[in-house]
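Below is one structure, written out as structure tokens, with a few remarks after it.
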Amino acid sequence: MKRFFIALLLFSFFVEKAFSQDTTNTNLSVDLSKIALVNQSDSYVTLPFDIGNLEPLIFEANISPSFIIRKRKDSRLMGVLTAQIIIRMYNEESYPVRTPSYMPQITAYYLLNDKRALNKHTIFGKFAHHSNGQDGDFYDENGDINLISGNFSTNFMELGYILNNHSSKYNAEQFIKTSFEIHPQSWMFEDIRGMYSGFRWHNTFSAFKIPVGNSDTKKRARISLKLETMIMLDNINGWDTFESDRFNGSLTFYYHPKFLEEIGFFVQYYHGLDYYNIYFQHQIDVVRFGIMTDILRF
């Protein structure tokens, strides 16, 4: 819990810095497609070692291609179709891959102000599905959750707002997102109701440091930072209003070396409930390392 509050303080600090930066720079390169891609989940593969209490893995992979739907490049309204899949290969006999998370989703983005503005304000709405592709009983013979073949499924919507600005002082692009994720009870598999949070508040701060002295018209960020927090607001598991289990947080640092074209290295700290489908009641604290795709050019 202490580490979570430290993360919250860091988030507040970064938000304050983001709003207080000089925004007189005339850089207009961040269009709606970049704002959308920053908000989409990153594709990555973790390395076969980590620090924490996550079950031993060979790797975790997030496969998250994004397909942009728009009338023309300068449109203020845009859709993104994503077929996201998260896979874990366990460090056990035969290296099994169990219950992948299938998370297809479609998101609509609308730019509220002029696309030439330095500070861009965007709203978005998402509809998504999350399941594990299994159809077995939710509980096993011992009354425990059936992690091997138990059915897990929910549908949800997310509504949110994104602010983007450019810091001329640090030559960095900054993004602040806040959103609410809603899982109506009728959209959930009945056995997870009351156990799986159906009302969540997300906050994210992202910063991308743009290199200077590069003659390319489109520059790739060498360093980026993302801080994410999530609070479960509904009545689940009989938790008190300020129960520490309600709070999730992560901090990700990404570095893209010059000798690599489309990928870079990342280190991430995650604290909170497991996001891997039917494992949702597991509390994890983990520091992990891996490689991540890099498709953004500013």
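A note on labels: chains of the structure tokens are A, B, ... as shown, every chain counts residues from 1, and ligands are counted from 1 in their shown order.
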
*Based on DSSP run over this structure's backbone, return all residues of stretch 169-223 of chain A in strand (DSSP E or B), as a list in words.*
Ala172, Glu173, Gln174, Phe175, Ile176, Lys177, Thr178, Ser179, Phe180, Glu181, Ile182, Met188, Phe199, Arg200, Trp201, His202, Asn203, Thr204, Phe205, Ser206, Ala207, Phe208, Lys209 and Ile223 of chain A

Listing only residues of stretch 161-208 of chain A within 9 Å of stretch 29-52 of chain A, what is the closest atom pair and its distance in Å (to one decimal) for each, using only C-alpha atoms, sorted by chain and residue number ascending, as CSV?
residue,atom,partner,partner_atom,distance
A:Ile162,CA,A:Ile35,CA,8.0
A:Leu163,CA,A:Ile35,CA,8.9
A:Asn164,CA,A:Ile35,CA,7.5
A:Asn165,CA,A:Val30,CA,8.9
A:Glu173,CA,A:Val30,CA,8.5
A:Phe175,CA,A:Ile35,CA,8.0
A:Lys177,CA,A:Asn39,CA,8.0
A:Ser206,CA,A:Val38,CA,8.1

*asked:* Using only C-alpha atoms, which protein or nucleic acid residues come within 9 Å of A:Asp135? Drop anything in the same chain fewer than 4 positions from it, and give the result as a VMD selection string.
replied: chain A and resid 149 to 152

Deliver the residues from the most recent selection as a file, using C-alpha atoms, as an mmCIF file, in the first residue's frame.
data_model
loop_
_atom_site.group_PDB
_atom_site.id
_atom_site.type_symbol
_atom_site.label_atom_id
_atom_site.label_comp_id
_atom_site.auth_asym_id
_atom_site.auth_seq_id
_atom_site.Cartn_x
_atom_site.Cartn_y
_atom_site.Cartn_z
ATOM 1 C CA SER A 149 -10.275 -24.609 -17.774
ATOM 2 C CA GLY A 150 -12.790 -22.472 -15.869
ATOM 3 C CA ASN A 151 -14.994 -20.139 -17.867
ATOM 4 C CA PHE A 152 -14.251 -16.396 -17.632
#

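Residues of stretch 232-284 of chain A carrying a DSSP assignment of helix (DSSP H, G or I), computed from the backbone, are Ser244, Asp245, Arg246, Asn277, Ile278 and Tyr279 of chain A.
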
Atoms kept (N, CA and C atoms) for selection, written as a compact mmCIF listing (two decimals), in the first residue's frame:
# COMPACT_ATOMS: atom_id res chain seq x y z
N SER A 244 -7.11 -1.48 0.58
CA SER A 244 -5.92 -1.35 -0.26
C SER A 244 -6.00 -2.21 -1.52
N ASP A 245 -6.75 -3.33 -1.47
CA ASP A 245 -6.86 -4.19 -2.63
C ASP A 245 -7.56 -3.52 -3.80
N ARG A 246 -8.24 -2.41 -3.55
CA ARG A 246 -8.94 -1.72 -4.62
C ARG A 246 -8.00 -0.97 -5.56
N ASN A 277 -7.22 -12.52 -17.08
CA ASN A 277 -8.53 -13.18 -17.06
C ASN A 277 -8.90 -13.82 -15.73
N ILE A 278 -8.98 -15.16 -15.67
CA ILE A 278 -9.53 -15.84 -14.50
C ILE A 278 -8.60 -15.79 -13.28
N TYR A 279 -7.40 -15.26 -13.44
CA TYR A 279 -6.47 -15.08 -12.33
C TYR A 279 -6.75 -13.77 -11.58

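Comparing the minimum interatomic distances between A:Ser101 and each of A:Asn171, A:Ile68, A:Ile87, A:Thr204, counting only C-alpha atoms, we find that A:Ile87 sits nearest.
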
*Do you know which residues are at most 7 Å from A:Leu296 counting only C-alpha atoms, after dropping those on the same chain fewer than 2 positions away, and could you put them as a PyMOL selection string?*
chain A and resi 34+220+294+298

*Pick out the residues sitting within 10 Å of A:Glu190, and hand them over as a ChimeraX atom specification; count only C-alpha atoms, and ignore anything fewer than 4 positions along from it in its own chain.*
/A:138,152-154,185-186,194

Mind dumping the selected residues with N, CA and C atoms as a PDB file, in the first residue's frame?
ATOM      1  N   PHE A 138     -16.513 -23.018 -13.356  1.00  0.00           N
ATOM      2  CA  PHE A 138     -15.739 -21.940 -12.757  1.00  0.00           C
ATOM      3  C   PHE A 138     -14.977 -22.428 -11.523  1.00  0.00           C
ATOM      4  N   PHE A 152     -14.334 -17.803 -18.032  1.00  0.00           N
ATOM      5  CA  PHE A 152     -14.251 -16.396 -17.632  1.00  0.00           C
ATOM      6  C   PHE A 152     -14.657 -15.549 -18.824  1.00  0.00           C
ATOM      7  N   SER A 153     -15.590 -14.629 -18.625  1.00  0.00           N
ATOM      8  CA  SER A 153     -16.033 -13.790 -19.732  1.00  0.00           C
ATOM      9  C   SER A 153     -16.710 -12.533 -19.203  1.00  0.00           C
ATOM     10  N   THR A 154     -16.419 -11.399 -19.816  1.00  0.00           N
ATOM     11  CA  THR A 154     -17.098 -10.139 -19.500  1.00  0.00           C
ATOM     12  C   THR A 154     -17.005  -9.217 -20.711  1.00  0.00           C
ATOM     13  N   GLN A 185     -23.579  -5.687 -14.985  1.00  0.00           N
ATOM     14  CA  GLN A 185     -23.725  -7.033 -14.424  1.00  0.00           C
ATOM     15  C   GLN A 185     -24.242  -8.027 -15.458  1.00  0.00           C
ATOM     16  N   SER A 186     -25.173  -7.596 -16.292  1.00  0.00           N
ATOM     17  CA  SER A 186     -25.751  -8.503 -17.287  1.00  0.00           C
ATOM     18  C   SER A 186     -24.765  -8.874 -18.384  1.00  0.00           C
ATOM     19  N   GLY A 194     -19.854  -9.809  -8.419  1.00  0.00           N
ATOM     20  CA  GLY A 194     -19.579  -9.592  -7.008  1.00  0.00           C
ATOM     21  C   GLY A 194     -18.147  -9.866  -6.615  1.00  0.00           C
TER      22      GLY A 194
END

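The spacing separating atom CA of A:Ile223 from atom CA of A:His256 amounts to 6.4 Å.
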
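When only C-alpha atoms are used to compute distances to A:Ile182, the closest of the residues A:Ala128, A:Leu111, A:Ile284, A:Ile148 turns out to be A:Ala128.
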
_Contact residues around A:Pro65 with only C-alpha atoms at 8 Å, ignoring same-chain residues under 4 positions, as an NGL selection string_ = :A and (43 or 82-84)

*Of the residues A:Asn119, A:Gln283, A:Asn113, A:Thr293, which is the one nearest to A:Ser64, using only C-alpha atoms?*
A:Thr293

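Using only C-alpha atoms, the shortest contact distance between A:Tyr139 and any of A:Ile192, A:Leu77, A:Ile263, A:Ala221 is found at A:Ile192.
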